[in-house]
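Here's the structure, in structure tokens; my notes come after.
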Amino acid sequence: MIAPFPSLWKRLAPALILLAPMAVTAQTHFNGAKALEYARQFVAIGPRWPTSPGHLKAEAFLRDQFKHDQVEEDTFTANTPIGPVAMRNFIVRFPGKKDGVIVLGTHYETNYWLRNINFVGANDGGSTTGLLLAIADQLRAESAHTKILEDYSVWLVFFDGEEAIKSWSDSDSTYGSRHLAARWGRDGILGRIKAFILADMIGDKDLDIQRESRSTDWLVSLMTQAAKRFGYDRFFFQTEGPVDDDHMAFVTRGVPSIDVIDLDYGPNNSYHHTYQDTMDKITARSLTIDGDVFLETIRLINSR
Ligand SMILES: [Zn+2]
């Protein structure tokens, strides 16, 4: 710290010392650097489009990260424009004392149709996989002694097949979330979900999360409140528009859902779905903001 005005500093110092313990508690932040490091390791696998060797490596990476947790591998066959494709969602469960579940989701694979340009999806799939891995660390720590969270269960879902195989349409996209939402509907699980929070493309430097139009109002309000608590207002919901994403299969089934997405990526969105979506565009700072707000939103849902 630099104190340019020594006399003023001297006068303020006692007051600052008194304030210090309070300030420390109020400023405990999510470990965005850890999330970034996870993203870096995951993205280093390279392209991970369905049917590729990279996809198998991505699966193995997630399996290894969660080897001591309650993991379900949800395998299914997607009917795609290139025929049947084997896909795999990962569901990681952190059980809680209260009856009800908060689901955090991301997709982890990259686009089949970008398979010839070395597309690694650092922001698109990579950053939010890192984010959820670091959130898992936090949940693990919170339940370390009791093996159970104090509040609602938190389930992390890593969706496969969010991206189109050939070109985006209702039937060629979001394969993993459509499959899982339908299955959970049949199994009666959807009714237990208090909130579905989807993270997509929110690791970039210039964080500008839009208010996705079909997202549930009260969940948007809660997240706005969470962002305000950290003084992050300007990064959230300054613009509004509809985005088709993995939340829609849950929205249409009546599950309170929010898509936390920043679809403005690079100058004129030039990094989105291009070879420029690389790790140098991602920052720990943005992932800290995301993590702080996600965890605070979970707290607010629990005290609702
Ligand atoms: Zn994408």
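The way I read the labels, and the way they are meant: chains A, B, ... in the order of the structure tokens, residue 1 as the first residue of every chain, and ligand 1 as the first ligand shown, with later ones counted on from there.
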
**Prompt:** Can you tell me, as a ChimeraX atom specification, what residues are no more than 12 Å from A:Val120 when counting only C-alpha atoms, ignoring any on the same chain fewer than 4 positions away?
**Reply:** /A:39-49,54-55,58,108-112,114-116,124-127,271-280

**Message:** Residues within 8 Å of stretch 60-76 of chain A, please, as a ChimeraX atom specification. Count only C-alpha atoms; anything in the same chain fewer than 5 positions from it doesn't count.
**Reply:** /A:42,86-94,133,179

**Message:** Env of A:Asn123: 7 Å cut, atoms = only C-alpha atoms, seq-sep filter 4 positions within chain, self excluded. Answer as a list in words.
**Reply:** Ser127, Met201, Ile202, Gly203, Asp204, Asp277 and Ile282 of chain A

**Item:** Nearest to A:Ala78, chosen from A:Gly176, A:Gly241, A:Pro267, A:Gly105, with only C-alpha atoms counted in the distances
**Value:**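 Once distances to A:Ala78 are computed over only C-alpha atoms, the minimum belongs to A:Gly176.
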
**Item:** Contacts of A:Pro81 at 12 Å (only C-alpha atoms; same-chain gap of 3+ positions) as a VMD selection string
**Value:** chain A and resid 78 84 to 85 112 to 113 164 to 169 171 to 173

Write the residues of the preceding selection, restricted to all heavy atoms, as a short mmCIF file (atom, residue, chain, number, x, y, z; two decimals), in the first residue's frame.
```cif
data_model
loop_
_atom_site.label_atom_id
_atom_site.label_comp_id
_atom_site.auth_asym_id
_atom_site.auth_seq_id
_atom_site.Cartn_x
_atom_site.Cartn_y
_atom_site.Cartn_z
N ALA A 78 -27.48 -39.73 -28.61
CA ALA A 78 -28.17 -38.58 -29.21
C ALA A 78 -28.41 -38.85 -30.69
O ALA A 78 -27.51 -39.34 -31.39
CB ALA A 78 -27.33 -37.33 -29.03
N PRO A 84 -26.45 -41.53 -34.88
CA PRO A 84 -26.42 -41.66 -33.43
C PRO A 84 -25.03 -41.38 -32.85
O PRO A 84 -24.03 -41.85 -33.40
CB PRO A 84 -26.83 -43.12 -33.18
CG PRO A 84 -26.71 -43.82 -34.48
CD PRO A 84 -26.69 -42.81 -35.58
N VAL A 85 -24.98 -40.56 -31.80
CA VAL A 85 -23.71 -40.20 -31.16
C VAL A 85 -23.80 -40.50 -29.66
O VAL A 85 -24.76 -40.07 -29.01
CB VAL A 85 -23.36 -38.71 -31.39
CG1 VAL A 85 -22.15 -38.29 -30.57
CG2 VAL A 85 -23.11 -38.42 -32.88
N TYR A 112 -18.68 -29.80 -32.75
CA TYR A 112 -18.31 -30.75 -33.81
C TYR A 112 -18.03 -30.00 -35.12
O TYR A 112 -17.04 -30.26 -35.81
CB TYR A 112 -19.44 -31.76 -34.00
CG TYR A 112 -19.20 -32.78 -35.09
CD1 TYR A 112 -18.53 -33.97 -34.80
CD2 TYR A 112 -19.65 -32.56 -36.39
CE1 TYR A 112 -18.30 -34.92 -35.79
CE2 TYR A 112 -19.43 -33.50 -37.38
CZ TYR A 112 -18.75 -34.67 -37.08
OH TYR A 112 -18.52 -35.60 -38.06
N TRP A 113 -18.87 -29.01 -35.42
CA TRP A 113 -18.72 -28.31 -36.70
C TRP A 113 -17.51 -27.38 -36.73
O TRP A 113 -17.15 -26.86 -37.79
CB TRP A 113 -20.01 -27.56 -37.08
CG TRP A 113 -20.47 -26.51 -36.10
CD1 TRP A 113 -21.24 -26.71 -34.98
CD2 TRP A 113 -20.20 -25.10 -36.15
NE1 TRP A 113 -21.45 -25.52 -34.33
CE2 TRP A 113 -20.83 -24.52 -35.02
CE3 TRP A 113 -19.48 -24.28 -37.02
CZ2 TRP A 113 -20.78 -23.15 -34.74
CZ3 TRP A 113 -19.43 -22.91 -36.76
CH2 TRP A 113 -20.07 -22.37 -35.63
N ALA A 164 -24.40 -27.32 -31.33
CA ALA A 164 -24.96 -28.01 -32.49
C ALA A 164 -23.91 -28.94 -33.09
O ALA A 164 -22.71 -28.66 -33.00
CB ALA A 164 -25.39 -26.99 -33.53
N ILE A 165 -24.36 -30.01 -33.70
CA ILE A 165 -23.43 -30.85 -34.46
C ILE A 165 -23.18 -30.20 -35.82
O ILE A 165 -22.04 -30.03 -36.24
CB ILE A 165 -24.00 -32.28 -34.61
CG1 ILE A 165 -24.09 -32.98 -33.23
CG2 ILE A 165 -23.16 -33.10 -35.61
CD1 ILE A 165 -22.75 -33.36 -32.59
N LYS A 166 -24.26 -29.80 -36.49
CA LYS A 166 -24.08 -29.14 -37.80
C LYS A 166 -24.49 -27.67 -37.78
O LYS A 166 -23.70 -26.80 -38.06
CB LYS A 166 -24.86 -29.91 -38.87
CG LYS A 166 -24.10 -31.15 -39.32
CD LYS A 166 -24.56 -31.64 -40.68
CE LYS A 166 -23.54 -32.61 -41.28
NZ LYS A 166 -24.12 -33.37 -42.40
N SER A 167 -25.76 -27.41 -37.45
CA SER A 167 -26.18 -26.02 -37.38
C SER A 167 -27.34 -25.90 -36.39
O SER A 167 -28.23 -26.76 -36.35
CB SER A 167 -26.51 -25.52 -38.78
OG SER A 167 -27.82 -25.07 -38.87
N TRP A 168 -27.30 -24.87 -35.56
CA TRP A 168 -28.17 -24.76 -34.39
C TRP A 168 -29.66 -24.80 -34.76
O TRP A 168 -30.13 -24.03 -35.59
CB TRP A 168 -27.86 -23.46 -33.64
CG TRP A 168 -28.58 -23.38 -32.32
CD1 TRP A 168 -29.89 -23.05 -32.12
CD2 TRP A 168 -28.04 -23.66 -31.03
NE1 TRP A 168 -30.20 -23.11 -30.78
CE2 TRP A 168 -29.07 -23.47 -30.09
CE3 TRP A 168 -26.78 -24.04 -30.57
CZ2 TRP A 168 -28.89 -23.66 -28.72
CZ3 TRP A 168 -26.58 -24.22 -29.20
CH2 TRP A 168 -27.63 -24.03 -28.29
N SER A 169 -30.37 -25.70 -34.14
CA SER A 169 -31.83 -25.73 -34.24
C SER A 169 -32.33 -26.37 -32.95
O SER A 169 -31.53 -26.87 -32.16
CB SER A 169 -32.27 -26.56 -35.45
OG SER A 169 -32.00 -27.93 -35.21
N SER A 171 -33.69 -29.16 -32.62
CA SER A 171 -33.36 -30.59 -32.58
C SER A 171 -31.85 -30.85 -32.70
O SER A 171 -31.39 -31.93 -32.35
CB SER A 171 -34.12 -31.34 -33.69
OG SER A 171 -33.74 -30.83 -34.95
N ASP A 172 -31.08 -29.85 -33.16
CA ASP A 172 -29.63 -30.02 -33.24
C ASP A 172 -28.95 -29.04 -32.28
O ASP A 172 -28.33 -28.05 -32.70
CB ASP A 172 -29.13 -29.83 -34.67
CG ASP A 172 -27.63 -30.11 -34.80
OD1 ASP A 172 -27.05 -30.68 -33.85
OD2 ASP A 172 -27.03 -29.74 -35.83
N SER A 173 -29.06 -29.31 -30.99
CA SER A 173 -28.42 -28.50 -29.93
C SER A 173 -28.87 -29.08 -28.58
O SER A 173 -29.80 -29.89 -28.54
CB SER A 173 -28.87 -27.03 -29.99
OG SER A 173 -30.25 -26.93 -29.68
#
```

**Prompt:** Hey, what does DSSP flag as alpha helix (DSSP H) within stretch 16-253 of chain A? Can you give it to me as a PyMOL selection string?
**Reply:** chain A and resi 16-26+32-43+53-65+128-142+175-186+217-229+248-251

**Request:** With a distance cut-off of 9 Å and only C-alpha atoms, select the neighbouring residues of A:Ala199, excluding the residue or stretch itself and same-chain residues fewer than 6 positions from it, and output the selection as a list of chain:residue names.
**Result:** A:Leu104, A:Gly105, A:Thr106, A:His107, A:Gly125, A:Thr128, A:Thr129, A:Leu131, A:Leu132, A:Ile258, A:Asp259, A:Val260, A:Ile261, A:Asp290

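Our summary of the geometry notes that atom CA of A:Lys97 is positioned 11.3 Å from atom CA of A:Asn302.
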
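Between A:Asp233 and the residues A:Arg186, A:Gly191, A:Ala33, A:Leu207, the shortest atom-to-atom distance, using only C-alpha atoms, involves A:Leu207.
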
**Request:** Please indicate the distance in Å from atom CA of A:Phe294 to atom CA of A:Thr146, rounded to one decimal place.
**Result:**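 That distance, rounded to one decimal, is 22.6 Å.
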
**Prompt:** For A:Ala122, which residue out of A:Asp200, A:Arg192, A:Ser303, A:Ile298 is the nearest one, using only C-alpha atoms?
**Reply:**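 Counting only C-alpha atoms, the residue closest to A:Ala122 is A:Asp200.
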
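The nearest approach to ligand 1 among the residues A:Lys194, A:Asp245, A:Glu240, A:Gly188, with only C-alpha atoms and all ligand atoms taken into account, belongs to A:Asp245.
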
Can you check which residues of stretch 118-268 of chain A DSSP gives as strand (DSSP E or B) on the backbone and send them as a PDB file with N, CA and C atoms, in the first residue's frame?
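Output saved as out06.pdb:
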```
ATOM      1  N   LEU A 149     -24.006 -30.853   3.484  1.00  0.00           N
ATOM      2  CA  LEU A 149     -24.146 -29.402   3.538  1.00  0.00           C
ATOM      3  C   LEU A 149     -25.256 -29.038   4.521  1.00  0.00           C
ATOM      4  N   GLU A 150     -25.181 -27.848   5.090  1.00  0.00           N
ATOM      5  CA  GLU A 150     -26.203 -27.420   6.062  1.00  0.00           C
ATOM      6  C   GLU A 150     -27.560 -27.198   5.402  1.00  0.00           C
ATOM      7  N   ASP A 151     -27.569 -26.787   4.153  1.00  0.00           N
ATOM      8  CA  ASP A 151     -28.810 -26.343   3.522  1.00  0.00           C
ATOM      9  C   ASP A 151     -29.255 -27.299   2.407  1.00  0.00           C
ATOM     10  N   TYR A 152     -29.748 -26.754   1.307  1.00  0.00           N
ATOM     11  CA  TYR A 152     -30.162 -27.595   0.181  1.00  0.00           C
ATOM     12  C   TYR A 152     -28.970 -28.345  -0.402  1.00  0.00           C
ATOM     13  N   SER A 153     -29.247 -29.496  -0.969  1.00  0.00           N
ATOM     14  CA  SER A 153     -28.217 -30.202  -1.729  1.00  0.00           C
ATOM     15  C   SER A 153     -27.804 -29.330  -2.919  1.00  0.00           C
ATOM     16  N   VAL A 154     -26.558 -29.463  -3.317  1.00  0.00           N
ATOM     17  CA  VAL A 154     -26.102 -28.800  -4.546  1.00  0.00           C
ATOM     18  C   VAL A 154     -25.609 -29.880  -5.493  1.00  0.00           C
ATOM     19  N   TRP A 155     -26.153 -29.870  -6.687  1.00  0.00           N
ATOM     20  CA  TRP A 155     -25.714 -30.813  -7.711  1.00  0.00           C
ATOM     21  C   TRP A 155     -25.052 -30.018  -8.838  1.00  0.00           C
ATOM     22  N   LEU A 156     -23.881 -30.479  -9.238  1.00  0.00           N
ATOM     23  CA  LEU A 156     -23.196 -29.861 -10.375  1.00  0.00           C
ATOM     24  C   LEU A 156     -23.424 -30.752 -11.591  1.00  0.00           C
ATOM     25  N   VAL A 157     -23.822 -30.147 -12.690  1.00  0.00           N
ATOM     26  CA  VAL A 157     -24.035 -30.939 -13.899  1.00  0.00           C
ATOM     27  C   VAL A 157     -23.152 -30.412 -15.025  1.00  0.00           C
ATOM     28  N   PHE A 158     -22.376 -31.315 -15.603  1.00  0.00           N
ATOM     29  CA  PHE A 158     -21.532 -31.008 -16.762  1.00  0.00           C
ATOM     30  C   PHE A 158     -22.209 -31.636 -17.974  1.00  0.00           C
ATOM     31  N   PHE A 159     -22.846 -30.789 -18.765  1.00  0.00           N
ATOM     32  CA  PHE A 159     -23.629 -31.285 -19.892  1.00  0.00           C
ATOM     33  C   PHE A 159     -22.758 -31.569 -21.105  1.00  0.00           C
ATOM     34  N   ILE A 193     -36.215 -29.623  -7.537  1.00  0.00           N
ATOM     35  CA  ILE A 193     -35.205 -28.604  -7.872  1.00  0.00           C
ATOM     36  C   ILE A 193     -35.721 -27.201  -7.537  1.00  0.00           C
ATOM     37  N   LYS A 194     -35.049 -26.559  -6.602  1.00  0.00           N
ATOM     38  CA  LYS A 194     -35.433 -25.204  -6.173  1.00  0.00           C
ATOM     39  C   LYS A 194     -34.964 -24.182  -7.202  1.00  0.00           C
ATOM     40  N   ALA A 195     -33.816 -24.441  -7.809  1.00  0.00           N
ATOM     41  CA  ALA A 195     -33.287 -23.515  -8.811  1.00  0.00           C
ATOM     42  C   ALA A 195     -32.268 -24.216  -9.693  1.00  0.00           C
ATOM     43  N   PHE A 196     -32.308 -23.860 -10.969  1.00  0.00           N
ATOM     44  CA  PHE A 196     -31.327 -24.347 -11.934  1.00  0.00           C
ATOM     45  C   PHE A 196     -30.544 -23.136 -12.434  1.00  0.00           C
ATOM     46  N   ILE A 197     -29.244 -23.148 -12.176  1.00  0.00           N
ATOM     47  CA  ILE A 197     -28.399 -22.000 -12.533  1.00  0.00           C
ATOM     48  C   ILE A 197     -27.368 -22.453 -13.559  1.00  0.00           C
ATOM     49  N   LEU A 198     -27.469 -21.907 -14.752  1.00  0.00           N
ATOM     50  CA  LEU A 198     -26.590 -22.309 -15.843  1.00  0.00           C
ATOM     51  C   LEU A 198     -25.504 -21.254 -16.071  1.00  0.00           C
ATOM     52  N   ALA A 199     -24.270 -21.712 -16.192  1.00  0.00           N
ATOM     53  CA  ALA A 199     -23.147 -20.803 -16.475  1.00  0.00           C
ATOM     54  C   ALA A 199     -22.639 -21.066 -17.879  1.00  0.00           C
ATOM     55  N   ASP A 200     -22.481 -20.016 -18.676  1.00  0.00           N
ATOM     56  CA  ASP A 200     -22.009 -20.188 -20.047  1.00  0.00           C
ATOM     57  C   ASP A 200     -21.263 -18.940 -20.503  1.00  0.00           C
ATOM     58  N   ASP A 204     -14.599 -14.353 -19.636  1.00  0.00           N
ATOM     59  CA  ASP A 204     -13.814 -13.357 -20.381  1.00  0.00           C
ATOM     60  C   ASP A 204     -13.607 -12.072 -19.587  1.00  0.00           C
ATOM     61  N   ILE A 209     -22.667  -9.703 -18.359  1.00  0.00           N
ATOM     62  CA  ILE A 209     -23.672 -10.776 -18.302  1.00  0.00           C
ATOM     63  C   ILE A 209     -25.041 -10.209 -18.618  1.00  0.00           C
ATOM     64  N   GLN A 210     -25.698 -10.792 -19.606  1.00  0.00           N
ATOM     65  CA  GLN A 210     -26.994 -10.247 -19.984  1.00  0.00           C
ATOM     66  C   GLN A 210     -28.120 -10.896 -19.201  1.00  0.00           C
ATOM     67  N   ARG A 211     -29.244 -10.190 -19.175  1.00  0.00           N
ATOM     68  CA  ARG A 211     -30.426 -10.730 -18.534  1.00  0.00           C
ATOM     69  C   ARG A 211     -31.148 -11.546 -19.596  1.00  0.00           C
ATOM     70  N   GLU A 212     -31.087 -12.857 -19.449  1.00  0.00           N
ATOM     71  CA  GLU A 212     -31.697 -13.731 -20.449  1.00  0.00           C
ATOM     72  C   GLU A 212     -33.215 -13.703 -20.236  1.00  0.00           C
ATOM     73  N   PHE A 236     -23.654  -7.202 -14.336  1.00  0.00           N
ATOM     74  CA  PHE A 236     -24.839  -8.050 -14.424  1.00  0.00           C
ATOM     75  C   PHE A 236     -26.055  -7.342 -15.004  1.00  0.00           C
ATOM     76  N   PHE A 237     -26.649  -7.978 -15.997  1.00  0.00           N
ATOM     77  CA  PHE A 237     -27.996  -7.667 -16.456  1.00  0.00           C
ATOM     78  C   PHE A 237     -28.188  -6.230 -16.931  1.00  0.00           C
ATOM     79  N   GLN A 238     -27.172  -5.648 -17.581  1.00  0.00           N
ATOM     80  CA  GLN A 238     -27.299  -4.294 -18.117  1.00  0.00           C
ATOM     81  C   GLN A 238     -28.016  -4.314 -19.470  1.00  0.00           C
ATOM     82  N   THR A 239     -28.011  -5.483 -20.124  1.00  0.00           N
ATOM     83  CA  THR A 239     -28.747  -5.621 -21.386  1.00  0.00           C
ATOM     84  C   THR A 239     -29.635  -6.854 -21.269  1.00  0.00           C
ATOM     85  N   GLU A 240     -30.629  -6.939 -22.138  1.00  0.00           N
ATOM     86  CA  GLU A 240     -31.546  -8.077 -22.069  1.00  0.00           C
ATOM     87  C   GLU A 240     -31.809  -8.651 -23.452  1.00  0.00           C
ATOM     88  N   GLY A 241     -31.954  -9.974 -23.492  1.00  0.00           N
ATOM     89  CA  GLY A 241     -32.305 -10.622 -24.746  1.00  0.00           C
ATOM     90  C   GLY A 241     -32.469 -12.111 -24.527  1.00  0.00           C
ATOM     91  N   SER A 257     -35.288 -21.229 -13.336  1.00  0.00           N
ATOM     92  CA  SER A 257     -33.988 -21.363 -14.013  1.00  0.00           C
ATOM     93  C   SER A 257     -33.434 -20.011 -14.435  1.00  0.00           C
ATOM     94  N   ILE A 258     -32.112 -19.948 -14.502  1.00  0.00           N
ATOM     95  CA  ILE A 258     -31.462 -18.736 -15.016  1.00  0.00           C
ATOM     96  C   ILE A 258     -30.263 -19.131 -15.868  1.00  0.00           C
ATOM     97  N   ASP A 259     -30.137 -18.467 -17.010  1.00  0.00           N
ATOM     98  CA  ASP A 259     -28.958 -18.640 -17.859  1.00  0.00           C
ATOM     99  C   ASP A 259     -28.040 -17.451 -17.604  1.00  0.00           C
ATOM    100  N   VAL A 260     -26.900 -17.729 -16.986  1.00  0.00           N
ATOM    101  CA  VAL A 260     -25.936 -16.666 -16.698  1.00  0.00           C
ATOM    102  C   VAL A 260     -24.922 -16.684 -17.831  1.00  0.00           C
ATOM    103  N   ILE A 261     -25.112 -15.800 -18.781  1.00  0.00           N
ATOM    104  CA  ILE A 261     -24.343 -15.858 -20.034  1.00  0.00           C
ATOM    105  C   ILE A 261     -23.902 -14.469 -20.477  1.00  0.00           C
TER     106      ILE A 261
END
```

**Asked** At what distance in Å, to one decimal, does atom CA of A:Gly185 lie from atom CA of A:Pro50?
**Response** 25.2 Å
